[in-house]
Structure formats: structure tokens, C-alpha cells
Amino acid sequence: MARPARGRLQPCRTLWGTCERVEALPRLRRYGRVDFHPVRTDGPWGLFGRDGRCLGAGRAPVAGESLTEPDQVETGPLLFIGLLALHYGHFVVNTLPHLWPLVGWTGPRPKLLCHAEPGSWHRAPFLKRILERLGYRLDDLVTFDRPVRLSDVLVPDPALHEQTRVHTVYGDLCRMVGEGFWAASEADSVSRPVYLAKTRLTSGVTRLVNEIEIADELDRHGVEIVTPETLDFGAQIRLMSSRRVLLGTVGSAFHGSVFAAPGRRLVGLNWQPALNANFPLLDGLNGTQGRYYHAPGTVLREPGAFEVSWEVPDPRGLARDLLERAERLDRGEPDPRTGIWQRRIRGFRSRS
């Protein structure tokens, strides 16, 4: 394939955030009494200790506000997992990291206390599959629509702090989830690259408005085009495990690599020069080789139902450039355009 035009695709050379791995376990506290207040848009909410401190996500009372007196409820032991995110990417980054105490857990398991609309978890099919791998059912999720006082609640600090640091145990947890969905004999068994497309999404975090032209050009060059939301969670992990190299715009679909066979190879197109640190944080847990690029001349468009909508120049030429980068990665060749942070991130900055 011809060398790409100069300047059409550039590596992401800086991180949006920091990237640090911590070997020590996060803090885990056990409380004999806590007060649970459901999410509100017009007042305080959260899980509160005896001293009134908010334990995790939530909003403490401000001047002139007070917490409603809770009802006493007996439930048995509970593991608090915070605000239940029903968006897949947010779940991986914000909710699942609270479940790390289940790594090596012995004996009866506590039910899972969360802030959520009761029954809302049925709208997230991936959640059922992930919880099953950890020995849970959706019925084991516990929440309340009124203030309640609870006894015997375990409150873990998260094993992943968004765009900042990750604890090694989070990799262990993700392997517990993922290993049931792929076999070692299938890893890297398919040489045909796959492009994870967002072209069918109607809402979300980011959207590349002319992505269909990239997908069409890649398809013309033999790349398989897959829309991840049409596959269940297990099928996504099997797909990522079996392919030697994956391409796509940088987004939640890439988070699946932390559950897949080790050593995934990713080529991602980002909407800006700075890469969200969540991606290398997760890449480092499973030996994923991620190369991330942006296109100079990218412009922002009206976001619509997305948080960010963007458009790239020359999408068909850019598609050929992406494929050339993927072929280099698959052959194990270095990319001389790679940024300094990408070379450094292979081992993280680690502390105990």
C-alpha cells in the first residue's frame, strides 16, 4: 500500500489526564450504620456515615438543607457499588471498579447496593452477562426509592479513578469477567481486520458525522465492518479476542479489550489531539497495544443527541491511512510517528 499523505493522520501525543498504576489494593471500609438517600436533582443524596460524610458519589446538604429521617431497613450485608451506570463505557470506568472486593472472595456474597432507578438495570443487557460471571443475578442489585438506614455495608474505594490511576486488582476483576467468553485456541485466529463502527448509533458520547465514508472505504479494502451494539456482550469479547487487529473511532467499544484475550492490537481515530487517559489505563491492564491518531483539520459540528460531533477531512484517504497503520501494527513494526507518552505508557508509572 502507498505511504500515507503527509499530515493526514497524526498520533495523539498528549494525554487528557494522567496514567498511573497502583499495586496496592484500594481501601475497603465496613460500616455498622449508614443512611442511604436516593438520587435527587433538587437536593442532597448519597450514602452517608454517622458523621454525615458522603461516602462516595452524591451531594451533601448545603446551608439551609437537611436530610430526611430514614426508615430502618434490615437487609443483611451489602457491597456498595455507587451510582449504577447503564451506559457500557461508563459502567466499565465508573461502576465496575467498585466490585474489586469480589476478586478472591470466599463465603456467602453480599448483595449489591447501588444508586439507580429500581429495575432500570434491565435496560442494559451487558450488565446481566457481566454479573453472571461474578456469581450474581440482576435480582441481587439493591436500591431504594426513599431514605433508609442500613447496617453492615461494605464501602470500597474504586479500583479505577477516571483519567487518573488504576489499581492492578482491576485487571484481575476484568479477567474474571472476560475469561468465560473466549478460548485460548481462538485468540488471534482471524487475520482479517475488523472496524468497530458507530454508524448505527442514534445517541451517545461522540459521533463522527462522515464515518460512513471511512467504513465504506475500509470495506472496499477487505476490512470487516461491525456495529458492536448489534452483538451481545459475549459476542463482542469473542470478536475482539479472535481478531489480530481492530480499528475504530476511539470510544466505549475499545473498553472491551480489557475483557478479551491479552495482547489486543487497536488502531483508534480520536476527535482531538489529546487522548482520554482512560484508554491507556485499561490498555495497560491486559497488554493491549493501542495506537491512537487524530486527523488535522477535524472540525466540530452541532452535537445533536451526542456530547461531541466531529467531521474529518478526506475520510476515504484517511481510511487508507488507518489501514496502513493497522498493517504496521500487525507486523510488529514500530510507528516512528508515535508520541513519547505511548512509549512510556507500556509499563505505566507504578507505585505501591
# chains A, B, ... in the order shown; residues from 1 in each chain; ligands from 1
call {"tool": "closest_atom_pairs", "arguments": {"of": "stretch 130-215 of chain A", "to": "stretch 221-225 of chain A", "cutoff": "7 Å", "atoms": "only C-alpha atoms", "output": "CSV"}}
result
residue,atom,partner,partner_atom,distance
A:Arg192,CA,A:Val223,CA,6.5
A:Pro193,CA,A:Val223,CA,5.4
A:Val194,CA,A:Glu224,CA,4.6
A:Tyr195,CA,A:Ile225,CA,4.9
A:Leu196,CA,A:Ile225,CA,6.4
A:Ala197,CA,A:Ile225,CA,6.6
A:Ala215,CA,A:Ile225,CA,6.7
call {"tool": "write_last_selection", "arguments": {"atoms": "all heavy atoms", "output": "short mmCIF file (atom, residue, chain, number, x, y, z; two decimals), in the first residue's frame"}}
result
data_model
loop_
_atom_site.label_atom_id
_atom_site.label_comp_id
_atom_site.auth_asym_id
_atom_site.auth_seq_id
_atom_site.Cartn_x
_atom_site.Cartn_y
_atom_site.Cartn_z
N ARG A 192 -8.21 -11.29 9.21
CA ARG A 192 -8.97 -10.19 8.61
C ARG A 192 -9.28 -9.13 9.67
O ARG A 192 -9.89 -9.41 10.69
CB ARG A 192 -10.28 -10.70 8.01
CG ARG A 192 -11.08 -9.63 7.28
CD ARG A 192 -12.42 -10.16 6.82
NE ARG A 192 -13.17 -9.14 6.07
CZ ARG A 192 -14.44 -9.28 5.69
NH1 ARG A 192 -15.10 -10.41 5.99
NH2 ARG A 192 -15.05 -8.31 5.03
N PRO A 193 -8.85 -7.89 9.45
CA PRO A 193 -9.12 -6.85 10.46
C PRO A 193 -10.60 -6.49 10.50
O PRO A 193 -11.35 -6.70 9.54
CB PRO A 193 -8.27 -5.67 9.98
CG PRO A 193 -8.05 -5.89 8.53
CD PRO A 193 -8.07 -7.37 8.32
N VAL A 194 -11.00 -5.93 11.62
CA VAL A 194 -12.39 -5.52 11.80
C VAL A 194 -12.42 -4.07 12.23
O VAL A 194 -11.56 -3.60 12.99
CB VAL A 194 -13.11 -6.43 12.83
CG1 VAL A 194 -12.54 -6.27 14.22
CG2 VAL A 194 -14.61 -6.14 12.84
N TYR A 195 -13.40 -3.34 11.72
CA TYR A 195 -13.61 -1.94 12.08
C TYR A 195 -14.89 -1.86 12.91
O TYR A 195 -15.96 -2.31 12.48
CB TYR A 195 -13.74 -1.07 10.83
CG TYR A 195 -14.00 0.40 11.13
CD1 TYR A 195 -12.94 1.27 11.38
CD2 TYR A 195 -15.29 0.90 11.16
CE1 TYR A 195 -13.16 2.61 11.66
CE2 TYR A 195 -15.52 2.24 11.43
CZ TYR A 195 -14.46 3.09 11.68
OH TYR A 195 -14.69 4.42 11.95
N LEU A 196 -14.78 -1.32 14.14
CA LEU A 196 -15.91 -1.19 15.04
C LEU A 196 -16.59 0.15 14.76
O LEU A 196 -16.08 1.21 15.13
CB LEU A 196 -15.45 -1.28 16.49
CG LEU A 196 -14.65 -2.55 16.84
CD1 LEU A 196 -14.16 -2.50 18.28
CD2 LEU A 196 -15.50 -3.80 16.62
N ALA A 197 -17.73 0.11 14.10
CA ALA A 197 -18.39 1.31 13.60
C ALA A 197 -19.49 1.79 14.54
O ALA A 197 -20.17 1.00 15.18
CB ALA A 197 -18.98 1.05 12.22
N ALA A 215 -15.95 3.83 6.69
CA ALA A 215 -16.36 2.42 6.73
C ALA A 215 -16.48 1.84 5.32
O ALA A 215 -16.05 0.70 5.06
CB ALA A 215 -17.68 2.28 7.48
#
call {"tool": "residues_around", "arguments": {"residues": "A:Glu302", "least_positions_apart": "2", "cutoff": "12 Å", "atoms": "only C-alpha atoms", "output": "PDB file with C-alpha atoms, in the first residue's frame"}}
result
ATOM      1  CA  THR A 206     -19.080  11.080  20.380  1.00  0.00           C
ATOM      2  CA  ARG A 207     -20.104  10.784  16.733  1.00  0.00           C
ATOM      3  CA  LEU A 208     -18.011  11.064  13.579  1.00  0.00           C
ATOM      4  CA  VAL A 209     -20.540  12.506  11.147  1.00  0.00           C
ATOM      5  CA  VAL A 299     -13.949  20.275  12.860  1.00  0.00           C
ATOM      6  CA  LEU A 300     -16.748  20.130  15.437  1.00  0.00           C
ATOM      7  CA  GLY A 304     -27.395  16.744  18.398  1.00  0.00           C
ATOM      8  CA  ALA A 305     -28.019  13.679  20.565  1.00  0.00           C
ATOM      9  CA  PHE A 306     -24.274  13.275  21.204  1.00  0.00           C
ATOM     10  CA  GLU A 307     -21.921  15.136  23.503  1.00  0.00           C
ATOM     11  CA  VAL A 308     -19.441  15.717  20.656  1.00  0.00           C
ATOM     12  CA  SER A 309     -19.966  15.503  16.887  1.00  0.00           C
ATOM     13  CA  TRP A 310     -16.957  15.852  14.604  1.00  0.00           C
ATOM     14  CA  GLU A 311     -16.032  15.655  10.953  1.00  0.00           C
TER      15      GLU A 311
END
call {"tool": "residues_around", "arguments": {"residues": "A:Tyr170", "least_positions_apart": "3", "cutoff": "6 Å", "atoms": "only C-alpha atoms", "output": "PyMOL selection string"}}
result
chain A and resi 159+167+173
call {"tool": "residues_around", "arguments": {"residues": "stretch 285-291 of chain A", "least_positions_apart": "2", "cutoff": "6 Å", "atoms": "only C-alpha atoms", "output": "MDAnalysis selection string"}}
result
chainID A and resid 171 258 262:267 282:283
call {"tool": "write_last_selection", "arguments": {"atoms": "N, CA and C atoms", "output": "short mmCIF file (atom, residue, chain, number, x, y, z; two decimals), in the first residue's frame"}}
result
data_model
loop_
_atom_site.label_atom_id
_atom_site.label_comp_id
_atom_site.auth_asym_id
_atom_site.auth_seq_id
_atom_site.Cartn_x
_atom_site.Cartn_y
_atom_site.Cartn_z
N GLY A 171 -7.53 -5.23 36.86
CA GLY A 171 -7.23 -6.15 35.78
C GLY A 171 -7.63 -7.57 36.13
N VAL A 258 -10.21 -4.97 27.58
CA VAL A 258 -9.76 -5.33 28.93
C VAL A 258 -10.35 -6.67 29.36
N PRO A 262 -5.42 -11.45 26.12
CA PRO A 262 -4.35 -10.46 26.28
C PRO A 262 -3.70 -10.11 24.95
N GLY A 263 -3.12 -8.91 24.91
CA GLY A 263 -2.33 -8.52 23.74
C GLY A 263 -3.13 -8.06 22.55
N ARG A 264 -4.31 -7.43 22.77
CA ARG A 264 -5.07 -6.92 21.63
C ARG A 264 -4.29 -5.80 20.94
N ARG A 265 -4.56 -5.63 19.64
CA ARG A 265 -3.93 -4.57 18.84
C ARG A 265 -5.03 -3.65 18.34
N LEU A 266 -4.99 -2.40 18.77
CA LEU A 266 -6.03 -1.43 18.45
C LEU A 266 -5.44 -0.25 17.68
N VAL A 267 -6.15 0.19 16.66
CA VAL A 267 -5.82 1.43 15.97
C VAL A 267 -7.06 2.31 16.05
N LEU A 282 -6.71 1.34 30.74
CA LEU A 282 -7.25 0.00 30.53
C LEU A 282 -6.31 -0.84 29.65
N ASP A 283 -5.69 -0.22 28.66
CA ASP A 283 -4.78 -0.97 27.78
C ASP A 283 -3.68 -1.65 28.59
#
call {"tool": "select_by_dssp", "arguments": {"residues": "stretch 190-231 of chain A", "states": "alpha helix (DSSP H)", "output": "MDAnalysis selection string"}}
result
chainID A and resid 211:220
call {"tool": "closest_residue", "arguments": {"among": "A:Gly119, A:Pro334, A:Pro158, A:Gly178", "to": "A:Val93", "atoms": "only C-alpha atoms"}}
result
A:Pro158
call {"tool": "select_by_dssp", "arguments": {"residues": "stretch 239-286 of chain A", "states": "strand (DSSP E)", "output": "list in words"}}
result
Leu246, Leu247, Gly248, Thr249, Arg265, Leu266, Val267, Gly268, Leu269, Asn270, Ala274, Leu275 and Asn276 of chain A
call {"tool": "closest_residue", "arguments": {"among": "A:Ser151, A:Ser252, A:Ser185, A:Asn278", "to": "A:Phe36", "atoms": "only C-alpha atoms"}}
result
A:Ser151
call {"tool": "decode", "arguments": {"residues": "stretch 150-184 of chain A", "atoms": "N, CA, C and O atoms", "output": "compact mmCIF listing (two decimals), in the first residue's frame"}}
result
# COMPACT_ATOMS: atom_id res chain seq x y z
N LEU A 150 -29.27 1.57 57.00
CA LEU A 150 -28.82 0.21 56.76
C LEU A 150 -27.70 -0.14 57.72
O LEU A 150 -26.94 0.72 58.18
N SER A 151 -27.57 -1.42 58.01
CA SER A 151 -26.47 -1.91 58.82
C SER A 151 -25.63 -2.88 57.99
O SER A 151 -26.12 -3.51 57.06
N ASP A 152 -24.34 -2.97 58.33
CA ASP A 152 -23.41 -3.90 57.70
C ASP A 152 -23.27 -3.64 56.20
O ASP A 152 -23.71 -4.42 55.36
N VAL A 153 -22.65 -2.52 55.87
CA VAL A 153 -22.42 -2.15 54.47
C VAL A 153 -20.91 -2.02 54.23
O VAL A 153 -20.21 -1.30 54.95
N LEU A 154 -20.43 -2.73 53.22
CA LEU A 154 -19.03 -2.62 52.77
C LEU A 154 -18.93 -1.51 51.73
O LEU A 154 -19.70 -1.50 50.75
N VAL A 155 -18.00 -0.59 51.93
CA VAL A 155 -17.83 0.54 51.03
C VAL A 155 -16.40 0.53 50.49
O VAL A 155 -15.46 0.93 51.19
N PRO A 156 -16.19 0.07 49.26
CA PRO A 156 -14.84 0.07 48.68
C PRO A 156 -14.55 1.37 47.94
O PRO A 156 -15.44 1.96 47.31
N ASP A 157 -13.32 1.83 48.02
CA ASP A 157 -12.87 2.84 47.07
C ASP A 157 -12.75 2.18 45.71
O ASP A 157 -12.43 0.98 45.62
N PRO A 158 -13.00 2.90 44.62
CA PRO A 158 -12.93 2.27 43.30
C PRO A 158 -11.51 1.88 42.92
O PRO A 158 -10.54 2.52 43.34
N ALA A 159 -11.41 0.84 42.10
CA ALA A 159 -10.09 0.38 41.63
C ALA A 159 -9.64 1.11 40.38
O ALA A 159 -8.52 0.90 39.92
N LEU A 160 -10.49 1.96 39.84
CA LEU A 160 -10.13 2.82 38.72
C LEU A 160 -10.64 4.21 39.01
O LEU A 160 -11.83 4.40 39.30
N HIS A 161 -9.76 5.18 39.00
CA HIS A 161 -10.13 6.59 39.15
C HIS A 161 -10.03 7.22 37.77
O HIS A 161 -8.94 7.30 37.19
N GLU A 162 -11.15 7.65 37.27
CA GLU A 162 -11.25 8.10 35.89
C GLU A 162 -10.17 9.11 35.53
O GLU A 162 -9.95 10.08 36.24
N GLN A 163 -9.49 8.83 34.42
CA GLN A 163 -8.46 9.71 33.85
C GLN A 163 -7.32 10.00 34.82
O GLN A 163 -6.64 11.02 34.70
N THR A 164 -7.09 9.09 35.78
CA THR A 164 -6.05 9.36 36.78
C THR A 164 -5.18 8.12 37.04
O THR A 164 -4.00 8.11 36.73
N ARG A 165 -5.77 7.07 37.64
CA ARG A 165 -4.98 5.91 38.04
C ARG A 165 -5.86 4.68 38.11
O ARG A 165 -7.08 4.76 38.22
N VAL A 166 -5.20 3.52 38.07
CA VAL A 166 -5.90 2.25 38.15
C VAL A 166 -5.11 1.33 39.06
O VAL A 166 -3.87 1.35 39.09
N HIS A 167 -5.81 0.53 39.84
CA HIS A 167 -5.20 -0.48 40.70
C HIS A 167 -5.11 -1.80 39.94
O HIS A 167 -6.04 -2.17 39.20
N THR A 168 -4.01 -2.50 40.16
CA THR A 168 -3.77 -3.76 39.44
C THR A 168 -4.92 -4.74 39.61
O THR A 168 -5.24 -5.50 38.69
N VAL A 169 -5.57 -4.74 40.77
CA VAL A 169 -6.65 -5.69 41.04
C VAL A 169 -7.80 -5.52 40.05
O VAL A 169 -8.57 -6.46 39.82
N TYR A 170 -7.91 -4.33 39.45
CA TYR A 170 -8.99 -4.15 38.48
C TYR A 170 -8.77 -5.03 37.24
O TYR A 170 -9.72 -5.54 36.65
N GLY A 171 -7.53 -5.23 36.86
CA GLY A 171 -7.23 -6.15 35.78
C GLY A 171 -7.63 -7.57 36.13
O GLY A 171 -8.16 -8.31 35.30
N ASP A 172 -7.41 -7.97 37.40
CA ASP A 172 -7.82 -9.30 37.85
C ASP A 172 -9.33 -9.45 37.76
O ASP A 172 -9.84 -10.50 37.35
N LEU A 173 -10.06 -8.41 38.16
CA LEU A 173 -11.52 -8.46 38.10
C LEU A 173 -11.99 -8.59 36.65
O LEU A 173 -12.89 -9.42 36.36
N CYS A 174 -11.42 -7.81 35.76
CA CYS A 174 -11.85 -7.87 34.36
C CYS A 174 -11.53 -9.22 33.72
O CYS A 174 -12.29 -9.71 32.88
N ARG A 175 -10.43 -9.84 34.13
CA ARG A 175 -10.15 -11.19 33.64
C ARG A 175 -11.18 -12.19 34.16
O ARG A 175 -11.56 -13.12 33.44
N MET A 176 -11.61 -12.04 35.40
CA MET A 176 -12.68 -12.90 35.92
C MET A 176 -13.93 -12.81 35.05
O MET A 176 -14.59 -13.81 34.77
N VAL A 177 -14.24 -11.61 34.61
CA VAL A 177 -15.42 -11.41 33.77
C VAL A 177 -15.20 -11.98 32.38
O VAL A 177 -16.05 -12.70 31.84
N GLY A 178 -14.06 -11.69 31.78
CA GLY A 178 -13.87 -11.98 30.36
C GLY A 178 -13.53 -13.40 30.01
O GLY A 178 -13.86 -13.86 28.91
N GLU A 179 -12.86 -14.13 30.91
CA GLU A 179 -12.33 -15.43 30.54
C GLU A 179 -13.40 -16.45 30.17
O GLU A 179 -13.11 -17.44 29.51
N GLY A 180 -14.64 -16.21 30.55
CA GLY A 180 -15.70 -17.13 30.17
C GLY A 180 -16.19 -16.95 28.75
O GLY A 180 -17.02 -17.74 28.28
N PHE A 181 -15.69 -15.92 28.05
CA PHE A 181 -16.22 -15.60 26.73
C PHE A 181 -15.24 -15.87 25.58
O PHE A 181 -15.59 -15.65 24.42
N TRP A 182 -14.03 -16.30 25.86
CA TRP A 182 -13.08 -16.59 24.79
C TRP A 182 -12.22 -17.79 25.19
O TRP A 182 -12.04 -18.07 26.36
N ALA A 183 -11.72 -18.49 24.19
CA ALA A 183 -10.84 -19.64 24.40
C ALA A 183 -9.46 -19.32 23.84
O ALA A 183 -9.33 -18.62 22.84
N ALA A 184 -8.44 -19.85 24.49
CA ALA A 184 -7.06 -19.57 24.06
C ALA A 184 -6.84 -19.99 22.61
O ALA A 184 -6.08 -19.34 21.88
